[in-house]
file run_12.txt (compact mmCIF, C-alpha atoms)
# COMPACT_ATOMS: atom_id res chain seq x y z
CA MET V 1 -17.42 -45.53 5.30
CA ALA V 2 -16.29 -43.32 8.05
CA SER V 3 -17.78 -45.25 10.84
CA ILE V 4 -19.67 -48.40 10.59
CA ASP V 5 -22.26 -49.36 13.09
CA THR V 6 -20.45 -51.80 15.27
CA GLY V 7 -23.20 -52.07 17.82
CA GLY V 8 -24.23 -55.58 18.59
CA GLY V 9 -26.58 -57.11 16.11
CA ASP V 10 -28.96 -59.89 16.78
CA SER V 11 -26.26 -62.47 16.58
CA GLY V 12 -25.09 -61.96 20.14
CA HIS V 13 -25.13 -64.96 22.39
CA LYS V 14 -28.46 -65.80 23.85
CA LYS V 15 -29.11 -65.05 27.45
CA GLY V 16 -31.57 -67.75 27.74
CA PRO V 17 -34.94 -68.78 26.64
CA GLY V 18 -37.55 -66.16 26.90
CA VAL V 19 -35.15 -63.32 27.61
CA LYS V 20 -35.49 -60.76 24.92
CA LYS V 21 -32.55 -58.55 24.37
CA ALA V 22 -33.22 -54.89 23.82
CA LYS V 23 -31.72 -53.71 20.59
CA LYS V 24 -28.65 -51.66 21.31
CA LEU V 25 -28.47 -48.49 19.25
CA SER V 26 -25.08 -47.25 18.37
CA THR V 27 -24.16 -43.76 19.54
CA ARG V 28 -21.74 -43.35 16.68
CA VAL V 29 -22.67 -40.95 13.95
CA ASP V 30 -21.52 -41.13 10.40
CA MET V 31 -19.16 -38.17 10.13
CA THR V 32 -18.59 -38.28 6.38
CA PRO V 33 -21.07 -35.60 5.29
CA MET V 34 -19.83 -33.30 7.99
CA VAL V 35 -16.23 -33.74 6.88
CA ASP V 36 -17.28 -33.14 3.31
CA LEU V 37 -19.00 -29.93 4.20
CA GLY V 38 -16.13 -28.85 6.42
CA PHE V 39 -13.62 -29.22 3.64
CA LEU V 40 -15.88 -27.52 1.17
CA LEU V 41 -16.00 -24.51 3.46
CA ILE V 42 -12.24 -24.62 3.99
CA THR V 43 -11.67 -24.59 0.27
CA PHE V 44 -14.00 -21.66 -0.12
CA PHE V 45 -12.32 -19.60 2.56
CA VAL V 46 -8.83 -20.48 1.37
CA PHE V 47 -9.68 -19.14 -2.05
CA THR V 48 -11.36 -15.98 -0.86
CA ALA V 49 -8.90 -15.14 1.88
CA THR V 50 -6.75 -12.09 1.25
CA MET V 51 -3.69 -12.87 3.24
CA SER V 52 -1.36 -10.03 2.40
CA SER V 53 -3.09 -6.94 3.61
CA PRO V 54 -1.95 -3.75 1.92
CA LYS V 55 0.48 -1.54 3.77
CA ALA V 56 0.82 2.20 3.95
CA MET V 57 3.91 4.17 3.15
CA ASP V 58 4.27 7.68 4.49
CA LEU V 59 4.90 10.53 2.13
CA ARG V 60 5.37 14.08 3.25
CA MET V 61 5.60 16.79 0.70
CA PRO V 62 6.83 20.31 1.39
CA LYS V 63 4.69 23.32 0.80
CA ASP V 64 5.38 25.00 -2.50
CA VAL V 65 7.42 28.11 -1.89
CA ASP V 66 7.86 30.55 -4.71
CA ASP V 67 10.23 32.85 -2.88
CA PRO V 68 13.72 31.50 -3.62
CA LYS V 69 15.02 32.97 -0.36
CA LYS V 70 12.79 30.67 1.64
CA GLN V 71 13.67 27.58 -0.30
CA ASN V 72 16.04 25.09 1.19
CA GLU V 73 19.39 24.83 -0.38
CA ALA V 74 21.39 21.69 -0.62
CA LYS V 75 25.13 21.67 -0.21
CA GLU V 76 26.70 20.89 -3.52
CA SER V 77 29.22 18.50 -2.05
CA GLY V 78 26.54 16.41 -0.38
CA ALA V 79 23.92 16.42 -3.07
CA LEU V 80 23.00 13.48 -5.24
CA THR V 81 20.43 14.01 -7.94
CA ILE V 82 18.56 10.98 -9.19
CA MET V 83 16.37 11.19 -12.27
CA LEU V 84 13.85 8.59 -13.29
CA GLY V 85 13.50 7.98 -16.98
CA LYS V 86 11.68 5.79 -19.41
CA ALA V 87 11.78 2.00 -19.32
CA ASP V 88 12.87 1.73 -15.67
CA LYS V 89 16.10 3.60 -16.36
CA VAL V 90 17.71 5.80 -13.75
CA TYR V 91 20.16 8.64 -14.24
CA TYR V 92 22.15 10.47 -11.64
CA TYR V 93 24.79 13.06 -11.03
CA GLU V 94 26.66 14.15 -7.96
CA GLY V 95 26.73 17.76 -6.89
CA LYS V 96 26.03 20.16 -9.71
CA LEU V 97 25.50 19.19 -13.31
CA ASP V 98 28.55 20.59 -15.10
CA GLU V 99 28.52 22.35 -18.42
CA SER V 100 29.53 19.39 -20.55
CA ALA V 101 27.30 17.08 -18.51
CA SER V 102 30.27 14.80 -17.90
CA ASN V 103 29.03 13.79 -14.45
CA PHE V 104 25.66 12.72 -15.78
CA LYS V 105 25.57 8.93 -15.57
CA PRO V 106 23.02 6.26 -16.29
CA ALA V 107 22.20 3.55 -13.77
CA THR V 108 19.76 0.71 -13.35
CA TRP V 109 17.63 -0.40 -10.44
CA PRO V 110 19.94 -2.63 -8.49
CA THR V 111 22.97 -0.41 -9.08
CA ILE V 112 21.38 2.83 -7.94
CA ARG V 113 21.46 1.54 -4.38
CA ASP V 114 25.23 1.19 -4.56
CA VAL V 115 25.47 4.74 -5.89
CA ILE V 116 23.46 6.02 -2.92
CA ILE V 117 25.50 4.01 -0.43
CA LYS V 118 28.79 5.14 -1.96
CA LYS V 119 27.77 8.79 -1.90
CA LYS V 120 26.51 8.51 1.66
CA LYS V 121 29.83 6.99 2.77
CA GLU V 122 31.73 9.73 0.97
CA VAL V 123 29.70 12.47 2.67
CA ILE V 124 30.10 10.82 6.07
CA GLY V 125 33.85 10.58 5.49
CA ARG V 126 34.05 14.32 4.87
CA HIS V 127 32.04 15.27 7.90
CA VAL V 128 33.55 17.65 10.41
CA HIS V 129 32.12 17.76 13.89
CA ASP V 130 31.12 21.20 15.04
CA LEU V 131 29.93 20.38 18.51
CA GLY V 132 31.59 23.49 19.92
CA SER V 133 28.73 25.89 19.43
CA PRO V 134 25.69 25.34 21.63
CA GLU V 135 23.16 25.75 18.83
CA SER V 136 24.95 23.31 16.58
CA PRO V 137 22.43 21.34 14.53
CA CYS V 138 24.49 18.26 15.25
CA LYS V 139 23.60 18.42 18.92
CA SER V 140 19.85 18.36 18.38
CA MET V 141 20.20 15.51 15.92
CA GLN V 142 22.16 13.52 18.45
CA GLU V 143 19.59 14.26 21.13
CA ARG V 144 16.84 12.99 18.90
CA ALA V 145 18.74 9.80 18.12
CA LYS V 146 19.35 9.29 21.82
CA LYS V 147 15.64 9.55 22.46
CA ASN V 148 15.00 6.85 19.87
CA ASP V 149 17.38 4.52 21.75
CA ASP V 150 19.83 4.55 18.89
CA PRO V 151 23.05 2.95 20.16
CA ASP V 152 24.96 4.89 17.50
CA TRP V 153 23.52 8.25 18.48
CA GLU V 154 26.93 9.89 18.31
CA LYS V 155 27.01 9.20 14.60
CA ALA V 156 23.53 10.60 14.05
CA CYS V 157 24.61 13.79 12.37
CA LEU V 158 27.45 12.46 10.27
CA ASP V 159 25.29 12.40 7.16
CA ARG V 160 23.50 15.66 7.70
CA ASP V 161 24.91 17.18 4.53
CA PHE V 162 23.75 14.25 2.46
CA VAL V 163 20.75 15.23 0.35
CA VAL V 164 19.14 13.19 -2.35
CA ILE V 165 17.14 15.09 -4.93
CA ILE V 166 14.66 12.95 -6.81
CA LYS V 167 13.49 14.16 -10.18
CA PRO V 168 11.05 11.89 -11.92
CA THR V 169 10.44 12.68 -15.58
CA GLN V 170 7.04 12.48 -17.18
CA ASP V 171 7.95 9.07 -18.57
CA ALA V 172 8.66 7.55 -15.18
CA THR V 173 6.14 5.12 -13.75
CA TYR V 174 4.55 5.33 -10.36
CA LYS V 175 6.35 2.12 -9.43
CA ASN V 176 9.72 3.78 -10.05
CA THR V 177 8.69 6.71 -7.90
CA VAL V 178 7.67 4.47 -5.02
CA ASP V 179 10.81 2.38 -5.49
CA ILE V 180 13.13 5.36 -5.25
CA LEU V 181 11.31 6.63 -2.15
CA ASP V 182 11.68 3.14 -0.78
CA GLU V 183 15.41 3.26 -1.49
CA MET V 184 15.54 6.32 0.75
CA THR V 185 14.06 4.26 3.58
CA ILE V 186 16.23 1.25 2.82
CA ASN V 187 19.42 3.29 2.85
CA GLN V 188 18.25 5.54 5.68
CA VAL V 189 18.67 8.73 3.78
CA LYS V 190 17.41 11.39 6.16
CA THR V 191 17.06 14.26 3.74
CA TYR V 192 15.53 13.88 0.36
CA ALA V 193 13.27 15.91 -1.82
CA MET V 194 11.13 15.24 -4.82
CA VAL V 195 11.23 18.13 -7.24
CA LYS V 196 10.39 18.96 -10.80
CA ILE V 197 13.00 18.20 -13.38
CA PHE V 198 14.79 21.03 -15.18
CA PRO V 199 14.20 21.21 -18.94
CA GLN V 200 17.89 20.86 -19.77
CA GLU V 201 18.11 17.75 -17.63
CA TYR V 202 15.10 16.26 -19.36
CA GLU V 203 16.64 17.01 -22.73
CA LEU V 204 19.80 15.28 -21.63
CA ILE V 205 17.82 12.21 -20.67
CA LEU V 206 15.97 12.22 -23.98
CA LYS V 207 19.27 12.40 -25.82
CA THR V 208 20.73 9.54 -23.82
CA GLU V 209 17.62 7.49 -24.38
CA GLU V 210 17.81 8.11 -28.09
CA LYS V 211 21.43 7.03 -28.14
CA SER V 212 20.72 3.81 -26.32
CA GLY V 213 17.62 3.17 -28.39
CA ILE V 214 14.96 3.35 -25.68
CA LYS V 215 11.55 4.15 -26.98
CA MET T 216 -2.53 -78.30 14.33
CA PRO T 217 -4.87 -75.79 15.66
CA SER T 218 -5.62 -73.19 13.10
CA VAL T 219 -4.41 -69.72 14.02
CA LYS T 220 -7.22 -67.34 14.07
CA LEU T 221 -6.23 -63.89 12.94
CA PRO T 222 -8.28 -61.25 14.65
CA ARG T 223 -10.31 -59.47 12.10
CA LYS T 224 -9.39 -55.85 12.10
CA SER T 225 -11.88 -53.28 11.07
CA THR T 226 -10.90 -51.08 8.13
CA ASP T 227 -12.75 -48.35 9.84
CA THR T 228 -10.66 -45.36 10.96
CA ASP T 229 -11.60 -42.99 13.65
CA MET T 230 -12.33 -39.69 11.91
CA THR T 231 -12.68 -37.58 14.99
CA PRO T 232 -9.16 -36.01 15.10
CA PHE T 233 -9.38 -35.39 11.38
CA VAL T 234 -12.64 -33.55 11.78
CA ASP T 235 -11.16 -31.62 14.69
CA ILE T 236 -8.28 -30.38 12.59
CA ALA T 237 -10.52 -29.64 9.64
CA PHE T 238 -12.75 -27.44 11.72
CA LEU T 239 -9.81 -25.79 13.39
CA ILE T 240 -8.48 -24.78 9.98
CA LEU T 241 -11.94 -23.75 8.93
CA SER T 242 -12.41 -21.47 11.90
CA PHE T 243 -8.98 -19.96 11.28
CA PHE T 244 -9.84 -19.08 7.71
CA ILE T 245 -13.23 -17.72 8.64
CA MET T 246 -11.61 -15.39 11.13
CA ALA T 247 -8.68 -14.42 8.91
CA THR T 248 -10.74 -13.71 5.84
CA LYS T 249 -11.54 -10.17 5.08
CA PHE T 250 -13.65 -9.67 2.04
CA LYS T 251 -12.30 -7.29 -0.49
CA PRO T 252 -14.57 -4.38 -1.25
CA PRO T 253 -15.65 -4.35 -4.88
CA GLU T 254 -13.00 -2.32 -6.60
CA PRO T 255 -13.72 -0.50 -9.81
CA VAL T 256 -10.43 -1.51 -11.31
CA GLU T 257 -7.72 -3.99 -10.56
CA ILE T 258 -4.73 -2.21 -9.06
CA LYS T 259 -1.33 -3.80 -8.71
CA THR T 260 0.40 -1.76 -6.06
CA PRO T 261 4.18 -1.54 -6.00
CA GLY T 262 6.07 -3.03 -3.09
CA SER T 263 7.81 -1.15 -0.32
CA VAL T 264 9.58 -2.01 2.91
CA SER T 265 7.02 -0.06 4.93
CA SER T 266 5.07 -2.27 7.30
CA GLN T 267 2.60 0.30 8.54
CA GLU T 268 -1.02 -0.77 8.68
CA LEU T 269 -3.39 0.96 6.34
CA PRO T 270 -6.08 3.14 7.88
CA GLU T 271 -9.45 1.78 6.86
CA ASN T 272 -11.82 4.40 8.12
CA ASP T 273 -12.08 8.15 7.91
CA ALA T 274 -9.85 8.33 4.91
CA ILE T 275 -9.94 9.46 1.33
CA LEU T 276 -8.61 7.04 -1.21
CA VAL T 277 -7.40 8.25 -4.57
CA THR T 278 -6.89 5.42 -7.01
CA ILE T 279 -4.78 5.63 -10.14
CA ASP T 280 -5.22 2.75 -12.53
CA THR T 281 -3.04 1.41 -15.37
CA ALA T 282 -4.65 3.78 -17.87
CA ASN T 283 -3.84 6.76 -15.59
CA ARG T 284 -7.50 7.23 -14.70
CA VAL T 285 -8.14 8.76 -11.30
CA PHE T 286 -10.91 7.50 -9.01
CA PHE T 287 -12.10 9.02 -5.78
CA THR T 288 -13.34 6.97 -2.81
CA VAL T 289 -14.50 7.91 0.66
CA LEU T 290 -13.57 5.26 3.18
CA ALA T 291 -16.19 5.72 5.87
CA GLU T 292 -17.76 2.34 6.51
CA LYS T 293 -18.82 3.29 10.01
CA ASP T 294 -20.77 6.34 9.04
CA LYS T 295 -22.15 6.26 5.53
CA SER T 296 -23.71 9.69 5.88
CA ILE T 297 -20.24 11.22 5.51
CA SER T 298 -20.11 10.34 1.84
CA GLY T 299 -23.61 11.72 1.42
CA ASP T 300 -22.48 15.00 2.93
CA ILE T 301 -19.42 15.05 0.71
CA ILE T 302 -21.39 14.69 -2.50
CA LYS T 303 -23.75 17.44 -1.37
CA LYS T 304 -20.76 19.64 -0.60
CA VAL T 305 -19.30 18.92 -4.03
CA GLY T 306 -22.67 19.96 -5.43
CA THR T 307 -22.57 23.30 -3.64
CA ILE T 308 -19.00 24.05 -4.68
CA ARG T 309 -19.59 23.15 -8.31
CA THR T 310 -23.24 24.34 -8.43
CA LEU T 311 -24.60 20.92 -9.27
CA THR T 312 -27.84 19.60 -7.86
CA PHE T 313 -28.32 15.98 -6.98
CA ALA T 314 -31.65 14.25 -6.52
CA PRO T 315 -32.04 12.26 -3.26
CA ASP T 316 -31.76 8.96 -5.11
CA GLN T 317 -28.57 10.15 -6.78
CA VAL T 318 -27.13 10.88 -3.35
CA GLN T 319 -28.26 7.41 -2.26
CA ASN T 320 -26.55 5.89 -5.29
CA TYR T 321 -23.36 7.76 -4.47
CA MET T 322 -23.38 6.50 -0.89
CA ARG T 323 -23.55 2.96 -2.18
CA THR T 324 -20.81 3.18 -4.81
CA TYR T 325 -17.22 2.44 -4.04
CA ALA T 326 -15.48 4.86 -6.35
CA VAL T 327 -16.27 7.53 -8.86
CA GLY T 328 -14.09 8.60 -11.73
CA VAL T 329 -15.93 11.01 -13.99
CA PRO T 330 -15.63 14.70 -14.77
CA PHE T 331 -18.25 16.88 -13.10
CA ALA T 332 -20.07 17.25 -16.39
CA GLN T 333 -20.88 13.54 -16.34
CA LEU T 334 -21.41 13.15 -12.61
CA ASN T 335 -25.17 13.59 -12.72
CA SER T 336 -25.72 10.96 -15.37
CA LEU T 337 -23.37 8.53 -13.61
CA LEU T 338 -25.16 8.88 -10.30
CA SER T 339 -28.52 8.26 -11.94
CA LEU T 340 -27.34 4.72 -12.53
CA GLU T 341 -27.54 2.00 -9.93
CA PRO T 342 -24.14 1.34 -8.28
CA GLU T 343 -23.94 -2.06 -9.98
CA LYS T 344 -24.18 -0.42 -13.38
CA GLN T 345 -21.48 2.16 -12.65
CA THR T 346 -18.75 0.03 -14.14
CA SER T 347 -15.30 1.40 -14.65
CA SER T 348 -15.59 1.06 -18.41
CA ILE T 349 -17.97 4.01 -18.58
CA GLN T 350 -15.82 6.15 -16.31
CA PRO T 351 -13.03 8.13 -17.95
CA GLY T 352 -11.43 9.13 -14.63
CA ILE T 353 -11.42 12.45 -12.81
CA PRO T 354 -9.52 15.01 -14.91
CA VAL T 355 -6.40 16.03 -13.02
CA LEU T 356 -3.75 16.77 -15.62
CA ASP T 357 -5.17 20.17 -16.54
CA THR T 358 -3.52 22.40 -13.97
CA LEU T 359 -6.21 25.07 -14.30
CA ASP T 360 -9.08 22.66 -13.79
CA ASN T 361 -7.78 19.91 -11.58
CA GLN T 362 -11.18 18.55 -10.51
CA LEU T 363 -9.75 16.40 -7.76
CA VAL T 364 -9.12 19.63 -5.85
CA THR T 365 -12.89 20.07 -5.44
CA TRP T 366 -13.40 16.51 -4.24
CA ILE T 367 -10.69 16.89 -1.65
CA GLN T 368 -11.87 20.33 -0.62
CA ALA T 369 -15.39 18.98 -0.05
CA SER T 370 -14.18 16.01 1.97
CA LYS T 371 -11.88 18.17 4.01
CA GLU T 372 -14.72 20.53 4.90
CA VAL T 373 -17.10 17.71 5.82
CA PHE T 374 -14.54 16.04 8.04
CA ARG T 375 -13.68 19.36 9.65
CA GLU T 376 -17.35 20.03 10.44
CA ARG T 377 -17.53 16.66 12.11
CA GLN T 378 -14.21 17.25 13.85
CA LYS T 379 -12.76 14.03 12.63
CA PRO T 380 -9.22 13.46 11.47
CA LEU T 381 -8.89 12.73 7.80
CA LYS T 382 -6.19 10.69 6.13
CA TYR T 383 -5.28 10.64 2.50
CA LEU T 384 -4.42 7.43 0.75
CA ILE T 385 -3.01 7.24 -2.73
CA LYS T 386 -3.26 3.86 -4.37
CA GLY T 387 -1.52 3.82 -7.68
CA ASP T 388 -0.93 1.03 -10.09
CA GLY T 389 2.77 0.34 -10.55
CA SER T 390 2.62 0.95 -14.27
CA SER T 391 0.75 4.26 -14.11
CA LYS T 392 2.76 7.28 -15.14
CA TYR T 393 4.32 9.83 -12.85
CA PRO T 394 2.52 12.98 -14.11
CA THR T 395 -0.83 11.64 -12.89
CA PHE T 396 0.60 10.98 -9.47
CA GLU T 397 2.16 14.43 -9.47
CA ALA T 398 -1.22 15.95 -10.36
CA VAL T 399 -2.92 14.06 -7.53
CA VAL T 400 -0.28 15.33 -5.12
CA ALA T 401 -0.72 18.83 -6.55
CA ALA T 402 -4.48 18.63 -5.85
CA LEU T 403 -3.77 17.66 -2.25
CA LYS T 404 -1.17 20.40 -1.92
CA LYS T 405 -3.67 22.96 -3.14
CA ASN T 406 -5.80 22.00 -0.17
CA ASP T 407 -2.84 22.48 2.15
CA GLU T 408 -2.46 18.79 2.81
CA PHE T 409 1.10 17.58 2.87
CA LYS T 410 1.02 14.18 4.51
CA TYR T 411 -0.20 11.18 2.60
CA ASN T 412 -0.06 7.44 2.72
CA LEU T 413 0.86 5.50 -0.34
CA VAL T 414 -0.72 2.08 -0.52
CA THR T 415 1.92 -0.56 -1.14
CA SER T 416 2.39 -4.25 -0.64
CA LEU T 417 4.96 -5.50 1.80
CA GLU T 418 8.52 -6.31 0.81
CA GLY T 419 11.33 -7.37 3.07
CA ALA T 420 14.24 -5.01 3.66
CA PRO T 421 17.20 -6.17 1.54
CA SER T 422 19.70 -7.90 3.77
CA GLY T 423 22.78 -5.89 4.59
CA SER T 424 21.19 -2.56 3.82
CA ALA T 425 21.23 0.30 6.32
CA LEU T 426 17.56 -0.30 7.15
CA ASP T 427 18.15 -3.99 7.73
CA VAL T 428 21.02 -3.22 10.10
CA ALA T 429 18.93 -0.63 11.96
CA ASN T 430 16.00 -3.04 12.25
CA ARG T 431 18.22 -5.67 13.76
CA LYS T 432 19.52 -3.24 16.29
CA GLY T 433 15.93 -2.41 17.10
CA ILE T 434 16.10 1.25 16.28
CA LYS T 435 12.76 2.84 15.81
CA SER T 436 12.48 4.56 12.50
CA LYS T 437 11.03 8.02 12.53
call {"tool": "encode", "arguments": {"input": "run_12.txt", "output": "structure tokens"}}
result
Amino acid sequence: MASIDTGGGDSGHKKGPGVKKAKKLSTRVDMTPMVDLGFLLITFFVFTATMSSPKAMDLRMPKDVDDPKKQNEAKESGALTIMLGKADKVYYYEGKLDESASNFKPATWPTIRDVIIKKKKEVIGRHVHDLGSPESPCKSMQERAKKNDDPDWEKACLDRDFVVIIKPTQDATYKNTVDILDEMTINQVKTYAMVKIFPQEYELILKTEEKSGIK
Amino acid sequence: MPSVKLPRKSTDTDMTPFVDIAFLILSFFIMATKFKPPEPVEIKTPGSVSSQELPENDAILVTIDTANRVFFTVLAEKDKSISGDIIKKVGTIRTLTFAPDQVQNYMRTYAVGVPFAQLNSLLSLEPEKQTSSIQPGIPVLDTLDNQLVTWIQASKEVFRERQKPLKYLIKGDGSSKYPTFEAVVAALKKNDEFKYNLVTSLEGAPSGSALDVANRKGIKSK
């Protein structure tokens, strides 16, 4: 047992005739039941504990504007359109979708990141500084980066023409949608938009899916 | 030869340090445990690199489950009367009347997911009997009658009257389809709300990515 009474019994040496020895009571307590209970409670709390608390991801949506004059336009050279299809498939094209849809390409989840990185590099490589004019948008971007203690604040506006347009189809899952928004954070894409897919693009995806046998 | 007397050692071990540690662990778990509120449906949220803490009070939670059903929850643990006001407001907007015990039942439920036509009969039930199996979800896909709009409108008005900030949380199951999510966002947009929080579980930033590099440099993200 956990602790045995080791207090002197009656077998101690005699003090002498007539001297009665008071019985010594041990101060030690048997801890076993307490330990048992303690571990029972530990087990209970271990099982019920929710360790990974859920996190929140910000999502800002623009106001719907019907007037095409007020809508933002993306530069063709810096635009990358990513479409989310069925069965975790991703499709993309750079710039504008051409007539024969030759720049429409399929991709998968790990590879879409490389596509984004490649396009971002390409746009950065083409960037021309226009710091001459006082109201240059580059300046304000640099100022903002400076405020955020970015050591690379001078490079802050290099990717300002880079726009990712996300078009989830009706077959895309919510997970894909969150994943692609997450890719934007992972690759630090500053400008991206989530818009409705065009019918001809959706048709193109359906055709590709049919060809590759995705149901 | 004198016989060597081996001292008899007790087999008894001192349990005290053991008990100390056990109770230390126990107290840690007691403090770290947060009991999950009873959820109507099991939701497996997708992962993201965002590490922001989730607001737990003064928020509206819209849940989308695997079957694309939409549930509406008011997160107002501190002041339960808020949810009572919201259901009354919903009643005025949709010209529904709720008996006092129905309002009480609503204040005690975690989530509702029924069309307005079934709301009265659902709220007549005790919260324990309002299982998810009898709830078809709030209809959102019909663009002309997106009923979530009313729920959000009512909550927005109640929170405005109380001059409290209101946050919107969307908790979707990873396998739910995009159109439902789009419809939920559309309902929020109709109420002129453009900033939401998506509930996700934490994932590490992939090493070597732009975010990873920025994190190491200690750049605050926007």
call {"tool": "residues_near_point", "arguments": {"input": "run_12.txt", "point": "(-15.9, 16.7, 10.6)", "cutoff": "12 Å", "atoms": "only C-alpha atoms", "output": "list in words"}}
result
Asp273, Ala274, Ala291, Asp294, Ser296, Ile297, Ser298, Asp300, Ile301, Ala369, Ser370, Lys371, Glu372, Val373, Phe374, Arg375, Glu376, Arg377, Gln378, Lys379, Pro380 and Leu381 of chain T
call {"tool": "closest_residue", "arguments": {"input": "run_12.txt", "among": "V:Ala87, V:Ile112, V:Ala49, V:Val29", "to": "chain T", "atoms": "only C-alpha atoms"}}
result
V:Ala49
call {"tool": "interface_residues", "arguments": {"input": "run_12.txt", "of": "chain T", "to": "chain V", "cutoff": "7 Å", "atoms": "all atoms listed in the file", "output": "VMD selection string"}}
result
chain T and resid 227 to 228 230 234 237 to 238 241 244 to 245 248 to 249 261 263 to 269 387 to 394 396 409 to 417 420 424 to 426 434 to 435
call {"tool": "closest_residue", "arguments": {"input": "run_12.txt", "among": "V:Glu143, V:Glu99, V:Glu203, V:Asp161", "to": "Gly78 of chain V", "atoms": "only C-alpha atoms"}}
result
V:Asp161
call {"tool": "closest_residue", "arguments": {"input": "run_12.txt", "among": "T:Arg223, T:Lys293, T:Arg284, T:Arg309", "to": "Gly352 of chain T", "atoms": "only C-alpha atoms"}}
result
T:Arg284
call {"tool": "atom_distance", "arguments": {"input": "run_12.txt", "atom1": "atom CA of Ile236 of chain T", "atom2": "atom CA of Pro33 of chain V"}}
result
15.6 Å
call {"tool": "residues_around", "arguments": {"input": "run_12.txt", "residues": "Val327 of chain T", "least_positions_apart": "2", "cutoff": "7 Å", "atoms": "all atoms listed in the file", "output": "list in words"}}
result
Phe286, Phe287, Thr288 and Val329 of chain T
call {"tool": "closest_residue", "arguments": {"input": "run_12.txt", "among": "T:Leu338, T:Asp357, T:Gly419, T:Asp407", "to": "Asp316 of chain T", "atoms": "all atoms listed in the file"}}
result
T:Leu338
